[in-house]
Amino acid sequence: MIRVAAVGDIHVGEEPDDALAEDFAGLGGCADVLLLAGDLTRCGTRAEAARLASILEATPVPVVAVLGNHDHHADRVDEVVDCLEAVGVTVLEGGTTVLEIDGTTLGVAGVKGFGGGFAGACASDFGEPEMKAFVRHTKDVAEHLRQGLESLDADRRIALLHYSPVAATLHGEPLEIFPFLGSYLLAEAIDAAGADLVLHGHAHRGSERGVTPGGVRVRNVARPLIGRSFQRFELDSALVS
Amino acid sequence: MSEPRRPDGVDAVPEYVVAHVHEALATDPRVMEQGIEVVATGGTVVLMGRVFSQGQHDAASEVAQEQAPGFAIRNDLEVLDHPSPPGPVEQLR
């Protein structure tokens, strides 16, 4: 049995977030790992990253994270990553990690993801350089995700994202902004490589549960949506994706 | 901080006021929240959705007022509650 705690969009600012710190510090009794689905800071400054790091340093389980768009805003991604890695957090962007938990191996492939929309209503790799750059970034990220998942040698595999791979977990958000909240290219990569679970955030007003076209469970764990400091999942040895 | 706007010309058109308030709430460091719903009804701008702190909640009114000086601001934002952990478990089999 693998006990996963997951949350995205914790948006740690420069002011204290005592409730989050207290809840994370108590994770040892109910989770084996904490997965963070991006937007960990309000705007990606070093001061915010330092406050986040102090919270995660006191978290008693391994922490694996991807960054989100908020973490990029101040253009200090390297400093944010350095702050988190200094306290033992594994930060993924196209990479993978494997943890051994209760005799089972859990593999996590993580990317931020990006937008573009969903099949039938999505941006195309065509036209102005800016539009092509937008779509090609999503294609690149999706390819890194596929390669990461395929490379994982683990009993269970989780895809950890910030942006959504499906529209189902966006319902509740305005339809007009779906292309800025995710891309079907991420789902296609996940279905090509296979996974047991997809976790993402970004869509604060979305829905909690969805599934990829290939049948992989998708869960939106954005903190404003789930209404608590983390969501809990248990993956057992008989899991069939 | 966002540049305050003047309440005349196109800046008084509700559709543009909504757009400017939404943009300011997403980018002003005092709030920086993209998920706030903004509606202009009559002479009032209404803010709805969830924010993380009382500070963000209160700052949203300031930011909105700066962008909509000719409008009243109704702040219906909800501050995220923190129920005690551990919460429910979804068992995936």
# chains A, B, ... in the order shown; residues from 1 in each chain; ligands from 1

$ closest_atom_pairs --of "chain B" --to "chain A" --cutoff "8 Å" --atoms "only C-alpha atoms" --output "tab-separated table"
residue	atom	partner	partner_atom	distance
B:Pro29	CA	A:Cys43	CA	7.8
B:Met32	CA	A:Arg42	CA	6.9
B:Gly35	CA	A:His204	CA	6.5
B:Arg50	CA	A:Pro224	CA	6.5
B:Val51	CA	A:Pro224	CA	7.6
B:Phe52	CA	A:Pro224	CA	7.8
B:Leu80	CA	A:Pro224	CA	6.7
B:Asp81	CA	A:Gly227	CA	6.8
B:His82	CA	A:Arg228	CA	5.5
B:Pro83	CA	A:Arg228	CA	6.0
B:Ser84	CA	A:Asp23	CA	7.7
B:Pro85	CA	A:Asp23	CA	6.5
B:Pro86	CA	A:Cys30	CA	6.8
B:Gly87	CA	A:Gln231	CA	7.3
B:Pro88	CA	A:Arg232	CA	6.7
B:Val89	CA	A:Arg232	CA	4.8
B:Glu90	CA	A:Phe233	CA	4.8
B:Gln91	CA	A:Glu234	CA	4.8
B:Leu92	CA	A:Leu235	CA	5.2
B:Arg93	CA	A:Leu239	CA	4.2

$ select_by_dssp --residues "stretch 79-204 of chain A" --states "helix (DSSP H, G or I)" --output "JSON, numbers by chain"
{"A": [79, 80, 81, 82, 83, 84, 85, 86, 129, 130, 131, 132, 133, 134, 135, 136, 137, 138, 139, 140, 141, 142, 143, 144, 145, 146, 147, 148, 149, 150, 151, 168, 169, 170, 175, 176, 177, 178, 179, 180, 184, 185, 186, 187, 188, 189, 190, 191, 192, 193]}

$ residues_around --residues "B:Ala19" --least-positions-apart "6" --cutoff "12 Å" --atoms "only C-alpha atoms" --output "VMD selection string"
chain B and resid 10 to 13 25 to 26 34 36 to 40 45 64 67 to 68

$ atom_distance --atom1 "atom CA of A:Glu128" --atom2 "atom CA of A:Leu186"
22.9 Å

$ atom_distance --atom1 "atom CA of A:Ile190" --atom2 "atom CA of A:Lys139"
12.7 Å

$ closest_residue --among "B:Phe71, B:Ala24, B:Tyr16, B:Val79" --to "B:Thr44" --atoms "only C-alpha atoms"
B:Phe71

$ atom_distance --atom1 "atom CA of A:Leu106" --atom2 "atom CA of A:Leu67"
20.1 Å

$ closest_residue --among "A:His162, A:His171, A:His200, A:Arg156" --to "A:Gly103" --atoms "only C-alpha atoms"
A:Arg156

$ residues_around --residues "A:Asp191" --least-positions-apart "5" --cutoff "9 Å" --atoms "only C-alpha atoms" --output "PyMOL selection string"
chain A and resi 146+186+212-216

$ residues_around --residues "A:Asp75" --least-positions-apart "4" --cutoff "10 Å" --atoms "only C-alpha atoms" --output "MDAnalysis selection string"
chainID A and resid 43:45 70:71 79:80

$ write_last_selection --atoms "N, CA and C atoms" --output "PDB file, in the first residue's frame"
ATOM      1  N   CYS A  43       4.606  34.297  -6.522  1.00  0.00           N
ATOM      2  CA  CYS A  43       5.151  34.798  -7.793  1.00  0.00           C
ATOM      3  C   CYS A  43       6.615  34.406  -8.016  1.00  0.00           C
ATOM      4  N   GLY A  44       7.115  33.417  -7.282  1.00  0.00           N
ATOM      5  CA  GLY A  44       8.414  32.847  -7.597  1.00  0.00           C
ATOM      6  C   GLY A  44       9.607  33.675  -7.169  1.00  0.00           C
ATOM      7  N   THR A  45       9.493  34.438  -6.076  1.00  0.00           N
ATOM      8  CA  THR A  45      10.648  35.187  -5.572  1.00  0.00           C
ATOM      9  C   THR A  45      11.475  34.295  -4.647  1.00  0.00           C
ATOM     10  N   HIS A  70       3.056  30.358 -11.701  1.00  0.00           N
ATOM     11  CA  HIS A  70       3.360  31.374 -10.685  1.00  0.00           C
ATOM     12  C   HIS A  70       4.832  31.315 -10.275  1.00  0.00           C
ATOM     13  N   ASP A  71       5.387  30.107 -10.222  1.00  0.00           N
ATOM     14  CA  ASP A  71       6.781  29.945  -9.793  1.00  0.00           C
ATOM     15  C   ASP A  71       7.757  30.496 -10.832  1.00  0.00           C
ATOM     16  N   GLU A  79      16.758  29.831  -8.731  1.00  0.00           N
ATOM     17  CA  GLU A  79      16.862  30.110  -7.293  1.00  0.00           C
ATOM     18  C   GLU A  79      15.773  29.384  -6.512  1.00  0.00           C
ATOM     19  N   VAL A  80      14.576  29.329  -7.086  1.00  0.00           N
ATOM     20  CA  VAL A  80      13.481  28.602  -6.425  1.00  0.00           C
ATOM     21  C   VAL A  80      13.854  27.124  -6.294  1.00  0.00           C
TER      22      VAL A  80
END

$ closest_residue --among "B:Leu77, B:Gly55, B:Gln65, B:Val31" --to "B:Val18" --atoms "only C-alpha atoms"
B:Gln65
